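Take a look at the structure below.
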Amino acid sequence: MDRYEAYKDLGIDRDVYDHCEKVIGELRERFSQIDDMAEFNQMKVLDAFRKEQVQEACLNGSSGYGYNDLGRDTLEKVYADIFHTEDALVRPQITCGTHALALALMSNLRPGDQILSVSGRPYDTLEEVIGIRQSKGSLKEYGISYDEVPLREDGSFDLKGISSKLRKETKLIAIQRSKGYSDRRSFSVEQIGDCIAFIRSIRDDVLIMVDNCYGEFVEEKEPTDVGADMAVGSLIKNPGGGLAPIGGYIAGKKECVENAARRLTSPGLGREVGATLGVMRDLYQGLFLAPTVTASALKGAVFAARIYEDLGFDVLPDGTEERYDIIQAVTFHREDALISFCKGIQSAAPVDSFVVPEPWDMPGYDSKVIMAAGSFVSGSSIELSADGPLREPYSVYFQGGLTWPHAKFGIMNSLQFLVRDGIIDRSKLRC
């Protein structure tokens, strides 16, 4: 059987298909390395499940107050094992990654304290949380100040700048592992560890929080293995494995996690309440699948990099660099190309493939954003998805793919749309 026939039925032209297959043929060794990492992390997750004696009763949910929820409490022990931390808070009541980060900040800071971001400006949605952009209920309204240290020109941490900006009121250091909507490289766990060690050599009393979104299970270690007091993330990204319908986590020091639990519910109640309402099976199974699902997303990212750098576009990271998260940036320098790419990704989705994505004023962002995400879980960015702000340099951020074949088709379809719309000349394809 000619495998192309299946792609032909999905609207892929032969020259687009052949071009993509030639690129894939050059990536076999790289894909093998990604599979090796998935195997390592799969054993780490399995070991935690076995150590904490996950049982069938853990898969049942609770209602009402949620007292004595065995599944919830055991899952938090599993996360603490995986992240090698004293404790973890893993709750469906945490609505998204931004909420998890806000919770970690608001619960561990007090009026007069300062946040110092040492990885430059944080992701767009945190600007209103902090008060960089005015918003009701921001940390700024509660007397918590903010400062930041821009990265050096080469994208590395500015250690001299960090040293000069550490103040007596600095209570928490924030590090964002992934690039977000910026043009820098994402940080490796080793780079984060070196930065943490430098900070500790100056001040050992500050809290260090790492925004771990998109980075889980990409490497052997997590930021909490190299000294971070808290690693924070979303369950509808890597650790949810595409099955978690909602949720976030904070893994770290016991006091930090307990503070977060009391802010999430209320003082006096803390982690003792919080019904799980039937989602535990998805949270457990999603976590179990997360290493291999993350590997599929990584293969898609590497494939996208090779496809688009081959065609002359700026990509970050490139097709040969080490990967520290699942996000692939492609810069088009034109609005129509960004929109066309997202339309191709949406068209490749299993859900809402017929929907045409349009730019809109999305809450938490300072410019129009276009998002393609025909996903089983709304907004899940471990599933095949792409998005980008409609502003120069018109970069798209591609991520996800629950399976490698789907990630492959998504990128292939994005290329098909760019060819169809006359943005990429067919003559440039390797046929």
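Chain lettering (A, B, ...) mirrors the order of the structure tokens, residue numbering begins at 1 for each chain separately, and ligand numbering begins at 1 in order of display.
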
Once DSSP has gone over the backbone, tell me which residues of stretch 150-363 of chain A are in helix (DSSP H, G or I), as a PyMOL selection string. chain A and resi 159-165+189-202+223-226+238-240+254-264+270-272+280-310+335-347

Could you name the residues that touch A:Tyr324 at 7 Å or less, counting only C-alpha atoms, but leaving out those on the same chain fewer than 6 positions away, as a ChimeraX atom specification? /A:186-188,215,218-219

Keeping C-alpha atoms for every residue in the selection just given, could you write it to a file as a PDB file, in the first residue's frame?
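Result file follows (selection01.pdb):
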```pdb
ATOM      1  CA  SER A 186      14.329  28.090  26.535  1.00  0.00           C
ATOM      2  CA  PHE A 187      16.506  27.171  29.500  1.00  0.00           C
ATOM      3  CA  SER A 188      17.879  23.749  30.283  1.00  0.00           C
ATOM      4  CA  GLY A 215       9.212  21.508  30.172  1.00  0.00           C
ATOM      5  CA  VAL A 218      11.732  16.717  28.356  1.00  0.00           C
ATOM      6  CA  GLU A 219      14.929  16.093  30.334  1.00  0.00           C
TER       7      GLU A 219
END
```

Under the rule of at most 8 Å, produce a per-residue listing of stretch 202-310 of chain A near stretch 97-101 of chain A: chain, number, name, the closest pair of atoms, and the distance in Å, as a tab-separated table, using only C-alpha atoms.
```
residue	atom	partner	partner_atom	distance
A:Asp211	CA	A:Leu101	CA	7.1
A:Cys213	CA	A:Gly97	CA	7.1
A:Val232	CA	A:Leu101	CA	6.2
A:Gly233	CA	A:Gly97	CA	5.3
A:Ser234	CA	A:Gly97	CA	4.4
A:Leu235	CA	A:Gly97	CA	7.9
A:Gly248	CA	A:Ala100	CA	5.8
A:Tyr249	CA	A:Ala100	CA	6.5
A:Ile250	CA	A:Ala100	CA	7.0
```

Considering only C-alpha atoms, tabulate each residue of stretch 124-226 of chain A that lies at most 12 Å from stretch 41-53 of chain A along with its nearest interatomic pair and the corresponding distance in Å to one decimal; arrange the rows by chain and ascending residue number and present them as CSV.
```
residue,atom,partner,partner_atom,distance
A:Glu216,CA,A:Asn41,CA,9.7
A:Phe217,CA,A:Asn41,CA,6.2
A:Val218,CA,A:Asn41,CA,8.5
A:Glu219,CA,A:Asn41,CA,8.2
A:Glu220,CA,A:Asn41,CA,6.7
A:Lys221,CA,A:Asn41,CA,9.1
A:Glu222,CA,A:Asn41,CA,10.8
```

Identify, with DSSP run on backbone atoms, the residues in stretch 184-397 of chain A assigned to strand (DSSP E), and express the list as a PyMOL selection string. chain A and resi 207-211+230-234+248-252+314-316+328-331+369-372+385-389+395-397

Can you spit out the residues from that selection as a PDB file, in the first residue's frame, using C-alpha atoms?
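Result file part.pdb:
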```pdb
ATOM      1  CA  LEU A 207      12.479  31.564  47.499  1.00  0.00           C
ATOM      2  CA  ILE A 208      13.118  30.446  43.933  1.00  0.00           C
ATOM      3  CA  MET A 209      10.094  29.570  41.800  1.00  0.00           C
ATOM      4  CA  VAL A 210      10.365  28.069  38.308  1.00  0.00           C
ATOM      5  CA  ASP A 211       7.563  28.323  35.783  1.00  0.00           C
ATOM      6  CA  MET A 230       8.886  25.418  43.717  1.00  0.00           C
ATOM      7  CA  ALA A 231       8.180  24.071  40.241  1.00  0.00           C
ATOM      8  CA  VAL A 232       4.805  25.162  38.926  1.00  0.00           C
ATOM      9  CA  GLY A 233       2.815  23.995  35.929  1.00  0.00           C
ATOM     10  CA  SER A 234      -0.450  23.079  34.240  1.00  0.00           C
ATOM     11  CA  GLY A 248      -2.361  22.547  37.931  1.00  0.00           C
ATOM     12  CA  TYR A 249       0.431  21.639  40.304  1.00  0.00           C
ATOM     13  CA  ILE A 250       2.920  23.201  42.689  1.00  0.00           C
ATOM     14  CA  ALA A 251       5.723  20.866  43.756  1.00  0.00           C
ATOM     15  CA  GLY A 252       8.279  22.047  46.275  1.00  0.00           C
ATOM     16  CA  ASP A 314      13.924  31.625  11.140  1.00  0.00           C
ATOM     17  CA  VAL A 315      13.187  28.897  13.680  1.00  0.00           C
ATOM     18  CA  LEU A 316      13.910  28.672  17.398  1.00  0.00           C
ATOM     19  CA  GLN A 328       8.770  25.402  18.420  1.00  0.00           C
ATOM     20  CA  ALA A 329       8.849  28.984  17.182  1.00  0.00           C
ATOM     21  CA  VAL A 330       8.767  29.840  13.483  1.00  0.00           C
ATOM     22  CA  THR A 331       9.143  33.472  12.437  1.00  0.00           C
ATOM     23  CA  VAL A 369      -3.785  36.495  19.322  1.00  0.00           C
ATOM     24  CA  ILE A 370      -4.634  33.726  16.874  1.00  0.00           C
ATOM     25  CA  MET A 371      -4.965  30.234  18.289  1.00  0.00           C
ATOM     26  CA  ALA A 372      -5.431  26.896  16.567  1.00  0.00           C
ATOM     27  CA  SER A 385      -1.926  23.411  18.713  1.00  0.00           C
ATOM     28  CA  ALA A 386      -0.362  26.638  17.508  1.00  0.00           C
ATOM     29  CA  ASP A 387      -0.736  30.263  18.438  1.00  0.00           C
ATOM     30  CA  GLY A 388       0.906  33.615  18.154  1.00  0.00           C
ATOM     31  CA  PRO A 389       0.346  37.324  18.768  1.00  0.00           C
ATOM     32  CA  SER A 395       6.112  34.353  15.001  1.00  0.00           C
ATOM     33  CA  VAL A 396       3.999  31.262  15.480  1.00  0.00           C
ATOM     34  CA  TYR A 397       4.483  28.973  18.471  1.00  0.00           C
TER      35      TYR A 397
END
```

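Closest approach to A:Glu26 among A:Thr320, A:Gln114, A:Ser145, A:Asn108 is made by A:Thr320 (distances from only C-alpha atoms).
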
Pick out the residues sitting within 9 Å of A:Thr85, and hand them over as a CSV table (one decimal) with N, CA and C atoms, in the first residue's frame; count only C-alpha atoms, and ignore anything fewer than 2 positions along from it in its own chain.
```csv
chain,number,residue,atom,x,y,z
A,79,TYR,N,3.4,13.0,42.7
A,79,TYR,CA,4.1,14.2,42.1
A,79,TYR,C,5.3,14.6,42.9
A,80,ALA,N,5.2,14.5,44.2
A,80,ALA,CA,6.4,14.9,45.1
A,80,ALA,C,7.5,13.9,44.8
A,81,ASP,N,7.2,12.6,44.6
A,81,ASP,CA,8.2,11.6,44.3
A,81,ASP,C,8.9,11.9,43.0
A,82,ILE,N,8.1,12.2,42.0
A,82,ILE,CA,8.6,12.5,40.6
A,82,ILE,C,9.5,13.7,40.6
A,83,PHE,N,9.1,14.8,41.3
A,83,PHE,CA,9.9,16.0,41.4
A,83,PHE,C,10.9,16.1,42.5
A,87,ASP,N,6.8,18.1,49.1
A,87,ASP,CA,5.4,18.1,49.1
A,87,ASP,C,4.9,18.5,47.7
A,88,ALA,N,3.6,18.4,47.4
A,88,ALA,CA,3.1,18.8,46.1
A,88,ALA,C,1.6,19.1,46.3
A,224,THR,N,13.4,21.3,40.4
A,224,THR,CA,13.4,21.0,41.8
A,224,THR,C,14.6,20.1,42.1
A,225,ASP,N,15.1,19.4,41.1
A,225,ASP,CA,16.3,18.6,41.3
A,225,ASP,C,17.6,19.4,41.4
A,229,ASP,N,12.8,26.0,44.8
A,229,ASP,CA,11.9,25.8,46.0
A,229,ASP,C,10.5,25.4,45.5
A,230,MET,N,10.2,25.8,44.3
A,230,MET,CA,8.9,25.4,43.7
A,230,MET,C,9.0,25.3,42.2
A,251,ALA,N,4.9,21.9,43.1
A,251,ALA,CA,5.7,20.9,43.8
A,251,ALA,C,6.9,21.6,44.4
A,252,GLY,N,7.2,21.3,45.7
A,252,GLY,CA,8.3,22.0,46.3
A,252,GLY,C,8.4,21.8,47.8
A,253,LYS,N,8.9,22.8,48.4
A,253,LYS,CA,9.1,22.8,49.9
A,253,LYS,C,7.7,22.7,50.6
A,254,LYS,N,7.7,22.0,51.7
A,254,LYS,CA,6.5,21.8,52.4
A,254,LYS,C,5.8,23.1,52.8
```

When you look at A:Gly374 with a cut-off of 9 Å (counting only C-alpha atoms), what residues show up, excluding the ones that are within fewer than 3 positions of it in the same chain? I need them as a PDB file with C-alpha atoms, in the first residue's frame.
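Writing done, so here's out.pdb:
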```
ATOM      1  CA  ILE A 345      -3.000  23.242  12.190  1.00  0.00           C
ATOM      2  CA  GLN A 346      -6.690  23.759  12.958  1.00  0.00           C
ATOM      3  CA  SER A 347      -7.670  21.898   9.809  1.00  0.00           C
ATOM      4  CA  ALA A 348      -5.566  18.933  10.979  1.00  0.00           C
ATOM      5  CA  ALA A 349      -7.384  18.667  14.314  1.00  0.00           C
ATOM      6  CA  PRO A 350      -9.602  15.730  15.339  1.00  0.00           C
ATOM      7  CA  VAL A 351     -12.100  18.179  16.871  1.00  0.00           C
ATOM      8  CA  ASP A 352     -13.405  21.307  15.100  1.00  0.00           C
ATOM      9  CA  SER A 353     -11.299  20.685  11.998  1.00  0.00           C
ATOM     10  CA  VAL A 355     -13.471  25.772  12.156  1.00  0.00           C
ATOM     11  CA  VAL A 377      -9.637  19.294  26.167  1.00  0.00           C
ATOM     12  CA  SER A 378     -10.303  22.964  25.499  1.00  0.00           C
ATOM     13  CA  GLY A 379      -7.050  24.906  25.331  1.00  0.00           C
ATOM     14  CA  GLU A 383      -2.465  18.448  22.080  1.00  0.00           C
ATOM     15  CA  LEU A 384      -1.697  19.637  18.556  1.00  0.00           C
ATOM     16  CA  SER A 385      -1.926  23.411  18.713  1.00  0.00           C
TER      17      SER A 385
END
```
